[in-house]
Amino acid sequence: MHLSVMAMPDPNDPRGLSAVTEPIVDADRAGFHRAWLPQLPPLAGMAPWDALTALTVAARDAGRIRFGTGVVVAYTQHPLALARQALTTNAATGGRLTLGIGVSHPFMVEALGYSYEKPAAFLREYLEVLLPALAGEPVAHHGRHITAVGQITLAGAPAPRLVTAALGPRMLDLAGELTDGTITSWAGPNALEKHIIPGITRAAARSGRPAPQVIAGLPVVVTTDPDHAREQLATRFEMASRTPAYGAVLAKDGASTVGDVCVVGDETHVERQLRRLSEIGVTEFVASAHGDAAQAARTIEFLSSLRL
């Protein structure tokens, strides 16, 4: 199982874009497999830097590490426009990009004026345009949700790998059928082992695709006071616990808050939790280091030393 990191932009950091790119460069030097960057929504209290542009900038000083978007919300960008931008970023980074996309949640999408009706059907149409566009093929799609006519031919711009945020059965079927895998948030070991990994693996096999990537993302805190750390995480991410999609996946682990599924404890306990994820079939773990400054630094230092 590869170990990667999620760079979380801080809206209050006065360094601006450097505050986004510098942790990615640090992750490259620390030896992490991939640096992921979320495409945060344009809402108050967020730092919605354009993820693909920021990764392109970071790549100038991060010459080894791979990159990923975790995730771009499909509703906010036409698939031909996203294909063009992703191809450009992948060319600029030397083919190191994995494009992660998803459909987000009703309250976020509807706040931008879009309908969240039938998100799985929308994402299927989106992928039916995006995939051939990334491959440089002509597109002529006139669907219920999307119209797209065009072709993107960029010399020296290979198609990036593509994963989708999928937790439920319909999204897992779609991810396994059409993409390289899934990237999850707030999914604990039971949800991954009993539901997510079997579901996407069956879908990929039915479609004759290779075994999918299962990329699991969770906060990590290396600490001697795990109860306090879990309480802090539950408070900070309370909204996630109340989101229906995340609430459903948390329930599969008997968790009432996101703090219950985070990777928390001293070095021995954190390593044990990560090894369990590796053993059940997670192919890449994306850590988001939390806690105070000393805990976050301790977490990153320990994770960079692990080989799973």
# chains A, B, ... in the order shown; residues from 1 in each chain; ligands from 1
call {"tool": "closest_atom_pairs", "arguments": {"of": "segment 110-227 of chain A", "to": "segment 5-24 of chain A", "cutoff": "10 Å", "atoms": "only C-alpha atoms", "output": "CSV"}}
result
residue,atom,partner,partner_atom,distance
A:Gly217,CA,A:Met6,CA,8.1
A:Leu218,CA,A:Met6,CA,9.1
A:Pro219,CA,A:Met6,CA,9.1
call {"tool": "write_last_selection", "arguments": {"atoms": "N, CA and C atoms", "output": "mmCIF file, in the first residue's frame"}}
result
data_model
loop_
_atom_site.group_PDB
_atom_site.id
_atom_site.type_symbol
_atom_site.label_atom_id
_atom_site.label_comp_id
_atom_site.auth_asym_id
_atom_site.auth_seq_id
_atom_site.Cartn_x
_atom_site.Cartn_y
_atom_site.Cartn_z
ATOM 1 N N GLY A 217 -8.779 7.892 2.027
ATOM 2 C CA GLY A 217 -8.269 9.087 2.694
ATOM 3 C C GLY A 217 -8.893 9.284 4.057
ATOM 4 N N LEU A 218 -8.048 9.563 5.063
ATOM 5 C CA LEU A 218 -8.519 9.823 6.422
ATOM 6 C C LEU A 218 -7.528 10.748 7.134
ATOM 7 N N PRO A 219 -8.011 11.527 8.100
ATOM 8 C CA PRO A 219 -7.087 12.256 8.964
ATOM 9 C C PRO A 219 -6.259 11.300 9.816
#
call {"tool": "residues_around", "arguments": {"residues": "segment 230-238 of chain A", "least_positions_apart": "5", "cutoff": "7 Å", "atoms": "only C-alpha atoms", "output": "mmCIF file with N, CA, C and O atoms, in the first residue's frame"}}
result
data_model
loop_
_atom_site.group_PDB
_atom_site.id
_atom_site.type_symbol
_atom_site.label_atom_id
_atom_site.label_comp_id
_atom_site.auth_asym_id
_atom_site.auth_seq_id
_atom_site.Cartn_x
_atom_site.Cartn_y
_atom_site.Cartn_z
ATOM 1 N N THR A 257 -19.456 9.524 14.666
ATOM 2 C CA THR A 257 -18.782 10.731 14.184
ATOM 3 C C THR A 257 -17.574 10.322 13.356
ATOM 4 O O THR A 257 -17.087 9.191 13.434
ATOM 5 N N VAL A 258 -17.055 11.269 12.592
ATOM 6 C CA VAL A 258 -15.880 10.963 11.773
ATOM 7 C C VAL A 258 -14.658 10.673 12.635
ATOM 8 O O VAL A 258 -13.740 9.956 12.220
ATOM 9 N N GLY A 259 -14.646 11.217 13.857
ATOM 10 C CA GLY A 259 -13.517 10.951 14.730
ATOM 11 C C GLY A 259 -13.332 9.478 15.029
ATOM 12 O O GLY A 259 -12.217 9.023 15.305
ATOM 13 N N ASP A 260 -14.417 8.713 14.956
ATOM 14 C CA ASP A 260 -14.352 7.288 15.278
ATOM 15 C C ASP A 260 -13.578 6.479 14.236
ATOM 16 O O ASP A 260 -13.110 5.371 14.537
#
call {"tool": "closest_residue", "arguments": {"among": "A:Gly291, A:Pro212, A:Gly168, A:Gly136", "to": "Val249 of chain A", "atoms": "only C-alpha atoms"}}
result
A:Gly168
call {"tool": "closest_residue", "arguments": {"among": "A:Leu162, A:Val71, A:Ala187, A:Leu80", "to": "Ala245 of chain A", "atoms": "only C-alpha atoms"}}
result
A:Ala187
call {"tool": "select_by_dssp", "arguments": {"residues": "segment 36-147 of chain A", "states": "alpha helix (DSSP H)", "output": "VMD selection string"}}
result
chain A and resid 51 to 58 79 to 92 106 to 111 119 to 134
call {"tool": "closest_residue", "arguments": {"among": "A:Ile101, A:His78, A:Gly176, A:Ser278", "to": "Thr147 of chain A", "atoms": "only C-alpha atoms"}}
result
A:His78
call {"tool": "residues_around", "arguments": {"residues": "Gly281 of chain A", "least_positions_apart": "4", "cutoff": "8 Å", "atoms": "only C-alpha atoms", "output": "ChimeraX atom specification"}}
result
/A:193,197,214,277
call {"tool": "select_by_dssp", "arguments": {"residues": "segment 166-264 of chain A", "states": "strand (DSSP E)", "output": "count of residues only"}}
result
17
call {"tool": "residues_around", "arguments": {"residues": "segment 33-35 of chain A", "least_positions_apart": "4", "cutoff": "9 Å", "atoms": "only C-alpha atoms", "output": "PyMOL selection string"}}
result
chain A and resi 2-7+23-25+27-28+55+64-69+96+284+286
call {"tool": "atom_distance", "arguments": {"atom1": "atom CA of Gln39 of chain A", "atom2": "atom CA of Ala91 of chain A"}}
result
19.7 Å
call {"tool": "closest_residue", "arguments": {"among": "A:Arg298, A:His290, A:Arg307, A:Arg206", "to": "Leu274 of chain A", "atoms": "only C-alpha atoms"}}
result
A:Arg307
call {"tool": "closest_residue", "arguments": {"among": "A:Ala92, A:Ala148, A:Leu40, A:Ala120", "to": "Pro79 of chain A", "atoms": "only C-alpha atoms"}}
result
A:Ala148
call {"tool": "residues_around", "arguments": {"residues": "segment 179-181 of chain A", "least_positions_apart": "2", "cutoff": "9 Å", "atoms": "only C-alpha atoms", "output": "CSV table (one decimal) with all heavy atoms, in the first residue's frame"}}
result
chain,number,residue,atom,x,y,z
A,127,LEU,N,-18.7,11.1,-17.6
A,127,LEU,CA,-17.5,10.2,-18.0
A,127,LEU,C,-17.6,9.8,-19.5
A,127,LEU,O,-16.5,9.6,-20.1
A,127,LEU,CB,-17.5,8.9,-17.1
A,127,LEU,CG,-17.2,9.2,-15.6
A,127,LEU,CD1,-17.5,8.0,-14.8
A,127,LEU,CD2,-15.8,9.7,-15.4
A,131,LEU,N,-13.9,10.7,-20.9
A,131,LEU,CA,-12.9,9.6,-21.2
A,131,LEU,C,-12.5,9.7,-22.7
A,131,LEU,O,-11.3,9.7,-22.9
A,131,LEU,CB,-13.5,8.3,-20.9
A,131,LEU,CG,-13.5,8.0,-19.3
A,131,LEU,CD1,-14.5,6.8,-19.1
A,131,LEU,CD2,-12.1,7.7,-18.8
A,161,ARG,N,-4.5,9.1,-15.4
A,161,ARG,CA,-5.3,8.1,-14.8
A,161,ARG,C,-6.5,8.8,-14.1
A,161,ARG,O,-6.4,10.0,-13.7
A,161,ARG,CB,-4.6,7.3,-13.7
A,161,ARG,CG,-3.4,6.6,-14.3
A,161,ARG,CD,-2.9,5.5,-13.4
A,161,ARG,NE,-3.8,4.3,-13.5
A,161,ARG,CZ,-3.6,3.1,-13.0
A,161,ARG,NH1,-2.4,2.9,-12.4
A,161,ARG,NH2,-4.4,2.1,-13.2
A,162,LEU,N,-7.7,8.1,-14.1
A,162,LEU,CA,-8.9,8.7,-13.6
A,162,LEU,C,-9.6,7.9,-12.5
A,162,LEU,O,-9.7,6.7,-12.7
A,162,LEU,CB,-9.9,8.9,-14.8
A,162,LEU,CG,-11.2,9.5,-14.5
A,162,LEU,CD1,-11.1,10.9,-14.1
A,162,LEU,CD2,-12.1,9.3,-15.8
A,163,VAL,N,-9.9,8.5,-11.4
A,163,VAL,CA,-10.6,7.8,-10.3
A,163,VAL,C,-11.8,8.7,-9.9
A,163,VAL,O,-11.8,9.9,-10.1
A,163,VAL,CB,-9.7,7.5,-9.1
A,163,VAL,CG1,-8.6,6.6,-9.5
A,163,VAL,CG2,-9.2,8.8,-8.5
A,164,THR,N,-12.8,8.0,-9.4
A,164,THR,CA,-14.0,8.8,-9.0
A,164,THR,C,-14.2,8.6,-7.5
A,164,THR,O,-13.9,7.5,-6.9
A,164,THR,CB,-15.2,8.3,-9.7
A,164,THR,OG1,-15.4,6.9,-9.6
A,164,THR,CG2,-15.1,8.6,-11.2
A,165,ALA,N,-14.8,9.6,-6.8
A,165,ALA,CA,-15.2,9.4,-5.4
A,165,ALA,C,-16.5,8.6,-5.4
A,165,ALA,O,-17.5,9.0,-5.9
A,165,ALA,CB,-15.5,10.8,-4.8
A,166,ALA,N,-16.4,7.4,-4.8
A,166,ALA,CA,-17.5,6.5,-4.8
A,166,ALA,C,-17.6,5.8,-3.5
A,166,ALA,O,-16.6,5.2,-3.0
A,166,ALA,CB,-17.4,5.4,-5.9
A,172,LEU,N,-20.0,2.9,-7.0
A,172,LEU,CA,-19.0,1.9,-7.1
A,172,LEU,C,-19.0,1.2,-8.4
A,172,LEU,O,-18.0,0.8,-9.0
A,172,LEU,CB,-19.0,1.0,-5.9
A,172,LEU,CG,-18.6,1.6,-4.6
A,172,LEU,CD1,-19.0,0.7,-3.4
A,172,LEU,CD2,-17.1,1.9,-4.5
A,174,LEU,N,-20.2,2.3,-11.2
A,174,LEU,CA,-19.8,3.2,-12.3
A,174,LEU,C,-18.2,3.3,-12.3
A,174,LEU,O,-17.6,3.3,-13.3
A,174,LEU,CB,-20.4,4.6,-12.0
A,174,LEU,CG,-20.3,5.6,-13.1
A,174,LEU,CD1,-20.9,5.1,-14.4
A,174,LEU,CD2,-21.1,6.9,-12.7
A,175,ALA,N,-17.7,3.5,-11.1
A,175,ALA,CA,-16.2,3.6,-10.9
A,175,ALA,C,-15.5,2.4,-11.5
A,175,ALA,O,-14.5,2.5,-12.2
A,175,ALA,CB,-15.8,3.9,-9.5
A,176,GLY,N,-16.0,1.2,-11.1
A,176,GLY,CA,-15.4,0.0,-11.5
A,176,GLY,C,-15.5,-0.3,-13.0
A,176,GLY,O,-14.6,-0.8,-13.7
A,177,GLU,N,-16.6,0.1,-13.6
A,177,GLU,CA,-16.9,-0.1,-15.0
A,177,GLU,C,-16.1,0.8,-15.9
A,177,GLU,O,-15.6,0.4,-17.0
A,177,GLU,CB,-18.4,0.1,-15.3
A,177,GLU,CG,-18.8,0.0,-16.7
A,177,GLU,CD,-20.3,0.4,-17.0
A,177,GLU,OE1,-21.0,0.5,-16.0
A,177,GLU,OE2,-20.6,0.6,-18.1
A,183,ILE,N,-11.5,7.0,-4.9
A,183,ILE,CA,-10.9,7.6,-3.8
A,183,ILE,C,-12.0,7.9,-2.8
A,183,ILE,O,-13.0,8.5,-3.1
A,183,ILE,CB,-10.2,8.9,-4.2
A,183,ILE,CG1,-9.5,9.6,-3.0
A,183,ILE,CG2,-11.0,9.8,-5.0
A,183,ILE,CD1,-8.6,10.7,-3.3
A,200,ILE,N,-16.5,-2.5,-5.9
A,200,ILE,CA,-15.8,-1.9,-7.1
A,200,ILE,C,-15.0,-3.0,-7.8
A,200,ILE,O,-14.9,-3.0,-9.1
A,200,ILE,CB,-14.9,-0.7,-6.7
A,200,ILE,CG1,-14.4,0.0,-8.0
A,200,ILE,CG2,-13.7,-1.2,-5.9
A,200,ILE,CD1,-13.7,1.3,-7.7
A,201,THR,N,-14.5,-4.0,-7.1
A,201,THR,CA,-13.8,-5.1,-7.7
A,201,THR,C,-14.7,-5.9,-8.6
A,201,THR,O,-14.3,-6.3,-9.7
A,201,THR,CB,-13.1,-6.0,-6.6
A,201,THR,OG1,-12.2,-5.2,-5.8
A,201,THR,CG2,-12.3,-7.1,-7.3
A,204,ALA,N,-15.4,-3.9,-11.8
A,204,ALA,CA,-14.3,-3.9,-12.7
A,204,ALA,C,-14.2,-5.3,-13.5
A,204,ALA,O,-13.9,-5.3,-14.7
A,204,ALA,CB,-13.0,-3.6,-12.0
A,209,ARG,N,-12.0,-5.1,-16.8
A,209,ARG,CA,-11.0,-4.1,-16.4
A,209,ARG,C,-10.1,-4.7,-15.4
A,209,ARG,O,-10.4,-5.6,-14.6
A,209,ARG,CB,-11.6,-2.8,-15.9
A,209,ARG,CG,-12.4,-2.1,-16.9
A,209,ARG,CD,-13.0,-0.8,-16.3
A,209,ARG,NE,-11.9,0.1,-16.0
A,209,ARG,CZ,-11.3,1.0,-16.8
A,209,ARG,NH1,-11.7,1.1,-18.0
A,209,ARG,NH2,-10.3,1.8,-16.4
A,210,PRO,N,-8.8,-4.2,-15.3
A,210,PRO,CA,-7.9,-4.7,-14.2
A,210,PRO,C,-8.4,-4.3,-12.8
A,210,PRO,O,-9.3,-3.5,-12.7
A,210,PRO,CB,-6.6,-4.0,-14.6
A,210,PRO,CG,-7.0,-2.8,-15.4
A,210,PRO,CD,-8.2,-3.2,-16.1
A,211,ALA,N,-7.8,-4.9,-11.8
A,211,ALA,CA,-8.1,-4.7,-10.5
A,211,ALA,C,-8.1,-3.2,-10.2
A,211,ALA,O,-7.1,-2.5,-10.6
A,211,ALA,CB,-7.2,-5.4,-9.5
A,212,PRO,N,-9.1,-2.6,-9.6
A,212,PRO,CA,-9.1,-1.1,-9.4
A,212,PRO,C,-8.3,-0.6,-8.3
A,212,PRO,O,-7.9,-1.3,-7.3
A,212,PRO,CB,-10.6,-0.9,-9.1
A,212,PRO,CG,-11.0,-2.1,-8.4
A,212,PRO,CD,-10.3,-3.3,-9.1
A,213,GLN,N,-7.9,0.6,-8.4
A,213,GLN,CA,-7.2,1.3,-7.3
A,213,GLN,C,-8.3,1.6,-6.2
A,213,GLN,O,-9.4,2.0,-6.6
A,213,GLN,CB,-6.6,2.6,-7.8
A,213,GLN,CG,-5.5,2.5,-8.7
A,213,GLN,CD,-4.9,3.9,-9.0
A,213,GLN,OE1,-4.4,4.6,-8.1
A,213,GLN,NE2,-4.8,4.2,-10.3
A,214,VAL,N,-7.9,1.4,-5.0
A,214,VAL,CA,-8.8,1.7,-3.9
A,214,VAL,C,-8.0,2.7,-3.0
A,214,VAL,O,-7.0,2.3,-2.3
A,214,VAL,CB,-9.2,0.5,-3.1
A,214,VAL,CG1,-10.1,1.0,-1.9
A,214,VAL,CG2,-10.0,-0.4,-3.9
A,215,ILE,N,-8.3,4.0,-3.1
A,215,ILE,CA,-7.5,5.0,-2.5
A,215,ILE,C,-8.3,5.6,-1.3
A,215,ILE,O,-9.4,6.2,-1.5
A,215,ILE,CB,-7.2,6.1,-3.5
A,215,ILE,CG1,-6.4,5.5,-4.7
A,215,ILE,CG2,-6.3,7.2,-2.8
A,215,ILE,CD1,-6.5,6.4,-5.9
